[in-house]
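These notes are about the structure you will find just below.
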Amino acid sequence: MSGKSNHSDRQNRRKRRARKRLILSIEALCIVALLMVFSIVLLKERSRTDERMQTVSTQQTDGERSLDETQQGSADNSGETEDGTDQDTGRGGTAEEGTDENKDDVAAQNIDSDETAGAKDDERSDEIEGDGIVHMAFAGDICFHDPYSNMATYVQHGSDITKCISSDLMEEMHAADIFMVNNEFPYSNRGVPVEGKTYTFRSKPENVSILHDMGVDIVSLANNHAYDHGEVALLDTFEVLKEAGVPYVGAGHNIEEARAPYIFDREGVKIAIVSATQIERTDNPDTKGATETTPGTFRCWGNKLQELLDAAQDAKAQADVVIVYIHWGTENTDVLDWAQLDQAKALAGAGVDLIVGDHPHCLQEIGQINGVPVIYSLGNYWFNSKTVDTGLLKVDVSKNGIEQLQFVPAIQANCTTTMATGPEKERILNYMRSISKTVTLDENGVVKY
């Protein structure tokens, strides 16, 4: 019995050792497999990172800077108008001299492709890959003027913009492949307020980070406040936005740069954005227009409208879709003025696919001209402490043009912008329906025309 028992014990030990070796082998194979998967993931991530680092385009070129250092250290206006209005009247005076000349091909540089789209595209890549649709969003006027109460509220909340714009709006802004706003102030610590102008704005350069926090992909500088602290502050604004990696349109070191489109190449769709301002409506405005040799905004008032029409047609030759973002209209009224109506008709005739307006500080109608949608004013988005209706415009774009428009109602109140819901959403939609005679808006704000 003892011999049989010993033999059985040896067999059992051999079996246990065999099982142990088998288990160790399986564990080793699992570890190898995991390492292989990890290596593949790491290589893919590194490849994606390398692609993003291969920047296809840069923001508008620096140009040489000829800056007057004697303009430093001036004081801002410290008051805030509660109705958010501006003064559009010109007072005469001469433009500040400037010697910047941008010799590079601006139009060629103003191109943003899928490879340079950045982190926001990564967030949507699984959703939209290959569908040929670009999801855009537009908002109206924003103001980061440091003495204004909305900026005081921002600072009180620990410089956290998510405490000033509701989470559902922030989600929409970040989800958009391209999100655009009107940047109605310069970024600078220099310059002096334009003499005699009622409201002059300026924001510390570091506040440009708020644009990234908001998910902004491009800004317009074509407005009547970009030049509030003179040429030096406007030039600082170009540099600050360039260093922050935020493209801008509607202003430049010279007229060639100011009128140039910025072209996004996403999902195989080339989208050109051009921006211009007809405010202030005078031949000698406080906000200087760019010339061949001096910096300024891209103006389209009076006989300069043809320059905007030419710019739009030039953009059409380079892109599938052309969008004009324009500063126009009369403040604090939903009544359209003759200059808006005339220019909208001319732009539609020039082959523009979408017209988005701002400046009146309030919502104006959504319309269409021969199938070209026109959003006459999106109002103030995050501008001051006044309570006003506002909204976010969502636009789906393909190579064929504008696929869908949706107006998302919102309210700015107490220095905070929130998405409207329930009865307030229906109230704003009903208001937009009442003033928009050539389109309809469904219960979700989708525009039919």
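Note on naming: chains are A, B, ... as they come in the structure tokens, residues start from 1 per chain, ligands start from 1 in the order shown.
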**Message:** Need the shell around range 239-254 of chain A: protein/DNA/RNA residues with any atom at most 8 Å away, counting only C-alpha atoms. Skip same-chain ones fewer than 6 positions apart. Format as a ChimeraX atom specification?
**Reply:** /A:59-60,62-63,100-102,187,205,208-209,216-222,260-262,273-277,290-298
Sorted per-residue table, range 215-324 of chain A near range 145-150 of chain A, closest atoms and distance, 12 Å, only C-alpha atoms, as a Markdown table:
```
| residue | atom | partner | partner_atom | distance |
| --- | --- | --- | --- | --- |
| A:His225 | CA | A:His145 | CA | 10.6 |
| A:Ala226 | CA | A:His145 | CA | 11.5 |
| A:Asp228 | CA | A:His145 | CA | 11.0 |
| A:His229 | CA | A:His145 | CA | 11.9 |
```
**Request:** From range 162-289 of chain A, collect each residue whose DSSP state is helix (DSSP H, G or I) and return the set as a PyMOL selection string.
**Result:** chain A and resi 162-163+167-175+205-214+230-244+255-259
Could you dump the residues just selected with C-alpha atoms as a PDB file, in the first residue's frame?
```pdb
ATOM      1  CA  THR A 162     -18.511  78.130 -16.412  1.00  0.00           C
ATOM      2  CA  LYS A 163     -19.957  80.069 -13.480  1.00  0.00           C
ATOM      3  CA  SER A 167     -23.387  74.249 -18.500  1.00  0.00           C
ATOM      4  CA  ASP A 168     -25.869  73.349 -21.260  1.00  0.00           C
ATOM      5  CA  LEU A 169     -24.737  76.327 -23.338  1.00  0.00           C
ATOM      6  CA  MET A 170     -21.087  75.528 -22.628  1.00  0.00           C
ATOM      7  CA  GLU A 171     -21.696  71.986 -23.837  1.00  0.00           C
ATOM      8  CA  GLU A 172     -23.138  73.279 -27.122  1.00  0.00           C
ATOM      9  CA  MET A 173     -20.256  75.729 -27.562  1.00  0.00           C
ATOM     10  CA  HIS A 174     -17.592  73.077 -27.028  1.00  0.00           C
ATOM     11  CA  ALA A 175     -19.429  70.463 -29.099  1.00  0.00           C
ATOM     12  CA  PRO A 205      -4.134  90.333 -22.559  1.00  0.00           C
ATOM     13  CA  GLU A 206      -4.357  87.368 -20.181  1.00  0.00           C
ATOM     14  CA  ASN A 207      -8.152  87.437 -20.516  1.00  0.00           C
ATOM     15  CA  VAL A 208      -7.760  85.887 -23.962  1.00  0.00           C
ATOM     16  CA  SER A 209      -7.765  82.525 -22.141  1.00  0.00           C
ATOM     17  CA  ILE A 210     -11.522  82.975 -21.650  1.00  0.00           C
ATOM     18  CA  LEU A 211     -11.959  82.350 -25.385  1.00  0.00           C
ATOM     19  CA  HIS A 212     -10.397  78.911 -25.014  1.00  0.00           C
ATOM     20  CA  ASP A 213     -12.512  78.224 -21.919  1.00  0.00           C
ATOM     21  CA  MET A 214     -15.605  79.095 -23.967  1.00  0.00           C
ATOM     22  CA  GLY A 230      -5.885 103.408 -30.660  1.00  0.00           C
ATOM     23  CA  GLU A 231      -3.597 101.690 -33.109  1.00  0.00           C
ATOM     24  CA  VAL A 232      -1.182 100.401 -30.493  1.00  0.00           C
ATOM     25  CA  ALA A 233      -3.907  98.440 -28.677  1.00  0.00           C
ATOM     26  CA  LEU A 234      -5.261  97.055 -31.950  1.00  0.00           C
ATOM     27  CA  LEU A 235      -1.793  95.817 -32.885  1.00  0.00           C
ATOM     28  CA  ASP A 236      -1.444  94.271 -29.426  1.00  0.00           C
ATOM     29  CA  THR A 237      -4.753  92.503 -30.030  1.00  0.00           C
ATOM     30  CA  PHE A 238      -3.444  90.887 -33.203  1.00  0.00           C
ATOM     31  CA  GLU A 239      -0.381  89.650 -31.331  1.00  0.00           C
ATOM     32  CA  VAL A 240      -2.326  88.391 -28.304  1.00  0.00           C
ATOM     33  CA  LEU A 241      -4.779  86.430 -30.456  1.00  0.00           C
ATOM     34  CA  LYS A 242      -1.979  85.014 -32.589  1.00  0.00           C
ATOM     35  CA  GLU A 243      -0.022  83.846 -29.542  1.00  0.00           C
ATOM     36  CA  ALA A 244      -3.201  82.303 -28.120  1.00  0.00           C
ATOM     37  CA  ILE A 255      -6.505  96.117 -45.896  1.00  0.00           C
ATOM     38  CA  GLU A 256      -5.269  92.936 -47.583  1.00  0.00           C
ATOM     39  CA  GLU A 257      -5.201  91.147 -44.241  1.00  0.00           C
ATOM     40  CA  ALA A 258      -8.408  92.760 -42.952  1.00  0.00           C
ATOM     41  CA  ARG A 259     -10.475  91.640 -45.964  1.00  0.00           C
TER      42      ARG A 259
END
```
**Request:** Run DSSP on the backbone of this structure and report the residues of range 217-255 of chain A it assigns to strand (DSSP E), as a PyMOL selection string.
**Result:** chain A and resi 218-220+248-249+251-252
Take the selection from the previous step and output its residues with N, CA and C atoms, as a tab-separated table (two decimals), in the first residue's frame.
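Output (again.tsv):
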```
chain	number	residue	atom	x	y	z
A	218	ILE	N	-12.82	81.03	-33.53
A	218	ILE	CA	-12.49	82.18	-34.38
A	218	ILE	C	-13.29	83.37	-33.88
A	219	VAL	N	-12.70	84.57	-33.98
A	219	VAL	CA	-13.40	85.79	-33.56
A	219	VAL	C	-13.42	86.80	-34.70
A	220	SER	N	-14.44	87.67	-34.64
A	220	SER	CA	-14.46	88.82	-35.52
A	220	SER	C	-13.95	90.04	-34.76
A	248	TYR	N	-8.54	85.37	-36.28
A	248	TYR	CA	-9.45	86.51	-36.32
A	248	TYR	C	-9.67	86.94	-37.76
A	249	VAL	N	-10.82	87.57	-37.99
A	249	VAL	CA	-11.14	88.14	-39.29
A	249	VAL	C	-11.72	89.53	-39.06
A	251	ALA	N	-10.22	92.53	-39.41
A	251	ALA	CA	-9.25	93.58	-39.10
A	251	ALA	C	-7.87	93.02	-39.44
A	252	GLY	N	-6.91	93.95	-39.60
A	252	GLY	CA	-5.58	93.47	-39.95
A	252	GLY	C	-4.57	94.59	-39.98
```
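Residues with any atom within 8 Å of range 350-352 of chain A, counting only C-alpha atoms and excluding same-chain neighbours fewer than 4 positions away, are Leu309, Ala312, Gln313, Lys316, Val321, Val322, Ile323, Val324, Ala346 and Val372 of chain A.
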**Residue with smallest distance to Ile133 in chain A - pool A:Asp389, A:Glu195, A:Glu403, A:Glu331, counting only C-alpha atoms** = A:Glu403
**Request:** Work out how far CA of Thr417 in chain A is from CA of Ser436 in chain A, in Å to one decimal.
**Result:**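 For CA of Ser436 in chain A relative to CA of Thr417 in chain A, the distance reads 23.4 Å.
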**Prompt:** Near Cys164 in chain A, counting only C-alpha atoms, which residues have an atom at most 7 Å away, once you skip same-chain residues fewer than 4 positions from it, shown as a ChimeraX atom specification?
**Reply:** /A:154,415-417
**Close residues, range 405-407 of chain A itself excluded, 7 Å, only C-alpha atoms, min 5 positions apart in chain, as a PyMOL selection string** = chain A and resi 391-396+445-447
With C-alpha atoms kept, could you save the residues just selected as a PDB file, in the first residue's frame?
```
ATOM      1  CA  GLY A 391     -29.282  82.969 -28.369  1.00  0.00           C
ATOM      2  CA  LEU A 392     -26.865  80.545 -29.953  1.00  0.00           C
ATOM      3  CA  LEU A 393     -27.110  79.819 -33.668  1.00  0.00           C
ATOM      4  CA  LYS A 394     -26.277  76.231 -34.640  1.00  0.00           C
ATOM      5  CA  VAL A 395     -25.486  75.627 -38.301  1.00  0.00           C
ATOM      6  CA  ASP A 396     -24.810  72.331 -40.077  1.00  0.00           C
ATOM      7  CA  GLY A 445     -35.879  76.454 -32.957  1.00  0.00           C
ATOM      8  CA  VAL A 446     -35.041  74.672 -36.224  1.00  0.00           C
ATOM      9  CA  VAL A 447     -35.422  77.175 -39.052  1.00  0.00           C
TER      10      VAL A 447
END
```
**Asked** Which is closer to Asp265 in chain A than all the others in A:Gln318, A:Thr200, A:Gln404, A:Gln364, using only C-alpha atoms?
**Response** A:Gln318
